[in-house]
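Notes to accompany the following structure.
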Amino acid sequence: MHELSVAQEIIRIVQDEMAAHNLTRVIAINVRVGVLSGLNPDALSFGFEASVVDTPLAGARLVIESVSLKGTCRACGKESDFEDIIIICPNCGSGEVALRQGEELEIASLEGE
């Protein structure tokens with residue numbers, strides 16, 4: 001379960017940010033997870049909850065925003081949203097699509113004091 005190591009890295013990054021910005025408490029960590037990131041949001045939440053026990057982040061919420069697939073067809077230039085991981089342009093049928101979103105894993109923001 002690589003979600004545990006991702007959760008631990010999120011915690012490390014947030015603790016560094018806490019120190020850099022003199023935060024004593026983090027209320028929520030907002031992350032954006034693309035559907036093609038390979039991460040299971042439930043497993044990531046579980047790994048986070050298990051890892052923050054007895055740390056300065058105990059009690060913080062991990063808020064996960066799922067990011068859908070969006071891309072631009074290289075053949076016809078049409079921008080589209082994709083519901084499936086089979087990425088075919090709905091306009092021309094080409095499989096040559098440049099993804100604009102859906103693969104990300106990023107900490108979008110922190111709520112703290």
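By order of appearance in the structure tokens: chains A, B, ..., then residues from 1 within every chain, and ligands from 1 in the order shown.
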
- Pick out the residues sitting within 8 Å of A:Gly34, and hand them over as a VMD selection string; count only C-alpha atoms, and ignore anything fewer than 3 positions along from it in its own chain. chain A and resid 37 66 to 69 101 to 105

Which polymer residues have any atom within 12 Å of an atom of A:Gly93, counting only C-alpha atoms, with same-chain residues fewer than 4 positions away left out, as a PDB file with C-alpha atoms, in the first residue's frame?
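Below is the file that was written, part-v5.pdb:
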ATOM      1  CA  CYS A  73      -6.880  16.271 -28.684  1.00  0.00           C
ATOM      2  CA  ARG A  74      -3.660  16.658 -30.633  1.00  0.00           C
ATOM      3  CA  ALA A  75      -5.466  15.779 -33.880  1.00  0.00           C
ATOM      4  CA  CYS A  76      -8.428  18.171 -33.824  1.00  0.00           C
ATOM      5  CA  GLY A  77      -7.621  20.526 -30.918  1.00  0.00           C
ATOM      6  CA  LYS A  78     -10.890  19.878 -29.042  1.00  0.00           C
ATOM      7  CA  SER A  80     -12.734  17.405 -23.449  1.00  0.00           C
ATOM      8  CA  ILE A  86      -9.845   4.999 -22.061  1.00  0.00           C
ATOM      9  CA  ILE A  87      -8.945   8.377 -23.479  1.00  0.00           C
ATOM     10  CA  ILE A  88     -10.363   8.844 -26.974  1.00  0.00           C
ATOM     11  CA  CYS A  89     -11.403  12.195 -28.404  1.00  0.00           C
ATOM     12  CA  VAL A  97      -4.878  13.315 -26.310  1.00  0.00           C
TER      13      VAL A  97
END

- Message: Taking 3 positions as the minimum chain separation for residues in the same chain, which residues sit within 12 Å of A:Thr55 when counting only C-alpha atoms? Answer as a PyMOL selection string.
- Response: chain A and resi 8+11-12+14-15+24-26+48-52+58-60

Expected file contents, prior selection, N, CA and C atoms, as a tab-separated table (two decimals), in the first residue's frame:
chain	number	residue	atom	x	y	z
A	8	GLN	N	2.60	9.70	4.70
A	8	GLN	CA	3.73	10.11	5.55
A	8	GLN	C	4.51	11.26	4.93
A	11	ILE	N	2.54	14.41	5.52
A	11	ILE	CA	2.75	14.83	6.92
A	11	ILE	C	4.09	15.54	7.06
A	12	ARG	N	5.15	15.00	6.45
A	12	ARG	CA	6.48	15.61	6.53
A	12	ARG	C	6.45	17.02	5.93
A	14	VAL	N	3.85	19.01	5.50
A	14	VAL	CA	3.02	19.89	6.32
A	14	VAL	C	3.76	20.30	7.58
A	15	GLN	N	4.50	19.40	8.20
A	15	GLN	CA	5.28	19.76	9.39
A	15	GLN	C	6.35	20.79	9.05
A	24	THR	N	1.01	26.43	15.04
A	24	THR	CA	1.01	25.51	16.17
A	24	THR	C	0.01	24.38	15.99
A	25	ARG	N	-0.94	24.60	15.07
A	25	ARG	CA	-1.99	23.62	14.87
A	25	ARG	C	-2.46	23.65	13.42
A	26	VAL	N	-2.70	22.48	12.87
A	26	VAL	CA	-3.28	22.38	11.54
A	26	VAL	C	-4.67	21.77	11.69
A	48	PHE	N	-3.19	8.29	6.44
A	48	PHE	CA	-3.00	9.58	7.11
A	48	PHE	C	-3.45	9.49	8.56
A	49	GLU	N	-4.66	8.98	8.79
A	49	GLU	CA	-5.20	8.87	10.14
A	49	GLU	C	-4.28	8.03	11.04
A	50	ALA	N	-3.77	6.94	10.49
A	50	ALA	CA	-2.89	6.07	11.27
A	50	ALA	C	-1.54	6.74	11.57
A	51	SER	N	-1.10	7.61	10.68
A	51	SER	CA	0.23	8.21	10.81
A	51	SER	C	0.27	9.48	11.65
A	52	VAL	N	-0.86	10.15	11.87
A	52	VAL	CA	-0.83	11.41	12.62
A	52	VAL	C	-1.01	11.21	14.13
A	58	ALA	N	-2.13	15.51	14.93
A	58	ALA	CA	-3.25	14.73	15.47
A	58	ALA	C	-4.49	15.61	15.50
A	59	GLY	N	-5.58	15.09	14.95
A	59	GLY	CA	-6.84	15.83	14.90
A	59	GLY	C	-7.04	16.60	13.61
A	60	ALA	N	-6.01	16.73	12.79
A	60	ALA	CA	-6.16	17.43	11.51
A	60	ALA	C	-6.95	16.54	10.54

- Would you please work out which residue, of A:Val6, A:Cys92, A:Ala19, A:Val63, is nearest to A:Val31 when using only C-alpha atoms?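 Smallest distance to A:Val31 is found for A:Val63.
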
- Item | Top pick for closest residue to A:Asp16, considering A:Leu62, A:Leu57, A:Leu99, A:Leu4 and counting only C-alpha atoms |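 Looking only at the distances to A:Asp16, the closest residue turns out to be A:Leu57.
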
- Query: Near A:Asn30, within 10 Å and counting only C-alpha atoms, which residues show up once chain neighbours fewer than 3 positions away are dropped, as a list of chain:residue names?
  - Reply: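 Near neighbours after the sequence-gap exclusion: A:Val33, A:Arg61, A:Leu62, A:Val63, A:Ile64, A:Glu65, A:Glu106, A:Ile107, A:Ala108, A:Ser109, A:Leu110, A:Glu111.
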
- Message: Here is a test: counting only C-alpha atoms, which residue of A:His21, A:Pro90, A:Phe82, A:Gly95 is nearest to A:Val35?
- Response: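 With only C-alpha atoms as the atom set, the closest residue is A:Phe82.
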
- Using DSSP on the backbone, list every residue of chain A that comes out as strand (DSSP E or B), and give them as number ranges by chain. A: 26-34, 61-67, 69-73, 79-82, 97-101, 105-112

Could you save those same residues with N, CA and C atoms as an mmCIF file, in the first residue's frame?
data_model
loop_
_atom_site.group_PDB
_atom_site.id
_atom_site.type_symbol
_atom_site.label_atom_id
_atom_site.label_comp_id
_atom_site.auth_asym_id
_atom_site.auth_seq_id
_atom_site.Cartn_x
_atom_site.Cartn_y
_atom_site.Cartn_z
ATOM 1 N N VAL A 26 -2.699 22.478 12.870
ATOM 2 C CA VAL A 26 -3.277 22.377 11.535
ATOM 3 C C VAL A 26 -4.667 21.775 11.687
ATOM 4 N N ILE A 27 -5.642 22.454 11.116
ATOM 5 C CA ILE A 27 -7.030 22.004 11.198
ATOM 6 C C ILE A 27 -7.354 21.080 10.029
ATOM 7 N N ALA A 28 -6.914 21.481 8.829
ATOM 8 C CA ALA A 28 -7.207 20.681 7.641
ATOM 9 C C ALA A 28 -6.087 20.809 6.618
ATOM 10 N N ILE A 29 -5.886 19.730 5.904
ATOM 11 C CA ILE A 29 -4.943 19.689 4.788
ATOM 12 C C ILE A 29 -5.775 19.333 3.564
ATOM 13 N N ASN A 30 -5.782 20.225 2.598
ATOM 14 C CA ASN A 30 -6.562 20.024 1.382
ATOM 15 C C ASN A 30 -5.633 19.534 0.280
ATOM 16 N N VAL A 31 -5.903 18.330 -0.213
ATOM 17 C CA VAL A 31 -5.079 17.759 -1.274
ATOM 18 C C VAL A 31 -5.926 17.501 -2.513
ATOM 19 N N ARG A 32 -5.282 17.576 -3.658
ATOM 20 C CA ARG A 32 -5.927 17.285 -4.939
ATOM 21 C C ARG A 32 -5.290 16.015 -5.472
ATOM 22 N N VAL A 33 -6.126 15.005 -5.759
ATOM 23 C CA VAL A 33 -5.654 13.706 -6.224
ATOM 24 C C VAL A 33 -6.329 13.386 -7.556
ATOM 25 N N GLY A 34 -5.525 13.285 -8.607
ATOM 26 C CA GLY A 34 -6.043 12.958 -9.928
ATOM 27 C C GLY A 34 -6.466 11.501 -10.006
ATOM 28 N N ARG A 61 -7.732 17.185 9.682
ATOM 29 C CA ARG A 61 -8.501 16.462 8.679
ATOM 30 C C ARG A 61 -7.741 16.487 7.353
ATOM 31 N N LEU A 62 -7.756 15.373 6.659
ATOM 32 C CA LEU A 62 -7.234 15.309 5.303
ATOM 33 C C LEU A 62 -8.437 15.388 4.373
ATOM 34 N N VAL A 63 -8.550 16.491 3.640
ATOM 35 C CA VAL A 63 -9.667 16.709 2.728
ATOM 36 C C VAL A 63 -9.156 16.418 1.318
ATOM 37 N N ILE A 64 -9.731 15.399 0.694
ATOM 38 C CA ILE A 64 -9.256 14.953 -0.613
ATOM 39 C C ILE A 64 -10.246 15.374 -1.694
ATOM 40 N N GLU A 65 -9.744 16.140 -2.654
ATOM 41 C CA GLU A 65 -10.525 16.518 -3.829
ATOM 42 C C GLU A 65 -10.095 15.611 -4.979
ATOM 43 N N SER A 66 -11.031 14.892 -5.545
ATOM 44 C CA SER A 66 -10.743 14.045 -6.691
ATOM 45 C C SER A 66 -10.752 14.900 -7.954
ATOM 46 N N VAL A 67 -9.685 14.786 -8.749
ATOM 47 C CA VAL A 67 -9.547 15.596 -9.952
ATOM 48 C C VAL A 67 -9.796 14.711 -11.177
ATOM 49 N N LEU A 69 -10.369 13.700 -15.313
ATOM 50 C CA LEU A 69 -9.506 13.766 -16.493
ATOM 51 C C LEU A 69 -9.983 14.840 -17.453
ATOM 52 N N LYS A 70 -9.061 15.665 -17.908
ATOM 53 C CA LYS A 70 -9.332 16.662 -18.939
ATOM 54 C C LYS A 70 -8.128 16.655 -19.869
ATOM 55 N N GLY A 71 -8.402 16.840 -21.134
ATOM 56 C CA GLY A 71 -7.307 16.860 -22.079
ATOM 57 C C GLY A 71 -7.678 17.534 -23.379
ATOM 58 N N THR A 72 -6.659 17.725 -24.224
ATOM 59 C CA THR A 72 -6.828 18.351 -25.527
ATOM 60 C C THR A 72 -6.370 17.374 -26.597
ATOM 61 N N CYS A 73 -7.205 17.170 -27.578
ATOM 62 C CA CYS A 73 -6.880 16.271 -28.684
ATOM 63 C C CYS A 73 -5.794 16.910 -29.542
ATOM 64 N N GLU A 79 -10.925 20.363 -26.666
ATOM 65 C CA GLU A 79 -10.728 20.091 -25.243
ATOM 66 C C GLU A 79 -11.921 19.306 -24.737
ATOM 67 N N SER A 80 -11.651 18.270 -23.927
ATOM 68 C CA SER A 80 -12.734 17.405 -23.449
ATOM 69 C C SER A 80 -12.504 16.961 -22.020
ATOM 70 N N ASP A 81 -13.602 16.593 -21.368
ATOM 71 C CA ASP A 81 -13.577 15.892 -20.087
ATOM 72 C C ASP A 81 -13.736 14.416 -20.418
ATOM 73 N N PHE A 82 -13.068 13.566 -19.653
ATOM 74 C CA PHE A 82 -13.137 12.131 -19.901
ATOM 75 C C PHE A 82 -13.651 11.421 -18.664
ATOM 76 N N VAL A 97 -4.350 12.288 -27.194
ATOM 77 C CA VAL A 97 -4.878 13.315 -26.310
ATOM 78 C C VAL A 97 -3.805 13.702 -25.301
ATOM 79 N N ALA A 98 -3.561 14.987 -25.186
ATOM 80 C CA ALA A 98 -2.630 15.518 -24.195
ATOM 81 C C ALA A 98 -3.426 15.844 -22.938
ATOM 82 N N LEU A 99 -3.132 15.158 -21.854
ATOM 83 C CA LEU A 99 -3.872 15.396 -20.611
ATOM 84 C C LEU A 99 -3.456 16.718 -19.986
ATOM 85 N N ARG A 100 -4.449 17.455 -19.503
ATOM 86 C CA ARG A 100 -4.221 18.706 -18.796
ATOM 87 C C ARG A 100 -4.399 18.527 -17.296
ATOM 88 N N GLN A 101 -5.207 17.559 -16.915
ATOM 89 C CA GLN A 101 -5.397 17.277 -15.495
ATOM 90 C C GLN A 101 -5.869 15.843 -15.328
ATOM 91 N N LEU A 105 -1.062 15.011 -7.850
ATOM 92 C CA LEU A 105 -1.123 14.773 -6.408
ATOM 93 C C LEU A 105 -0.448 15.986 -5.802
ATOM 94 N N GLU A 106 -1.248 16.848 -5.193
ATOM 95 C CA GLU A 106 -0.680 18.075 -4.664
ATOM 96 C C GLU A 106 -1.400 18.524 -3.395
ATOM 97 N N ILE A 107 -0.636 19.155 -2.541
ATOM 98 C CA ILE A 107 -1.233 19.795 -1.367
ATOM 99 C C ILE A 107 -1.705 21.170 -1.853
ATOM 100 N N ALA A 108 -3.005 21.353 -1.870
ATOM 101 C CA ALA A 108 -3.586 22.599 -2.389
ATOM 102 C C ALA A 108 -3.528 23.713 -1.356
ATOM 103 N N SER A 109 -3.811 23.379 -0.093
ATOM 104 C CA SER A 109 -3.800 24.406 0.952
ATOM 105 C C SER A 109 -3.817 23.760 2.334
ATOM 106 N N LEU A 110 -3.480 24.574 3.319
ATOM 107 C CA LEU A 110 -3.534 24.175 4.727
ATOM 108 C C LEU A 110 -4.417 25.168 5.476
ATOM 109 N N GLU A 111 -5.155 24.658 6.427
ATOM 110 C CA GLU A 111 -5.892 25.520 7.348
ATOM 111 C C GLU A 111 -5.261 25.323 8.711
ATOM 112 N N GLY A 112 -4.728 26.387 9.257
ATOM 113 C CA GLY A 112 -4.038 26.257 10.542
ATOM 114 C C GLY A 112 -4.051 27.538 11.329
#

- Message: For a test of reading the model, state the distance in Å between atom CA of A:Met18 and atom CA of A:Pro56, rounded to one decimal.
- Response: 9.4 Å

- Item | Distance of atom CA of A:Glu113 from atom CA of A:Asn40, expressed in Å to one decimal place |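 We find that atom CA of A:Asn40 and atom CA of A:Glu113 lie 29.2 Å from each other.
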
- Query: Per DSSP on the backbone, what are the helix (DSSP H, G or I) residues of chain A, as a PyMOL selection string?
  - Reply: chain A and resi 2-20+41-51

- Task: Have a look at atom CA of A:Glu83 and atom CA of A:Glu96 and let me know their distance in Å, one decimal.
- Result: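 Between these atoms lies a distance of 16.4 Å.
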
- Out of A:Glu3, A:Asn22, A:Asp54, A:Glu9, which residue has the shortest atom-to-atom distance to A:Leu39 when counting only C-alpha atoms? A:Glu3
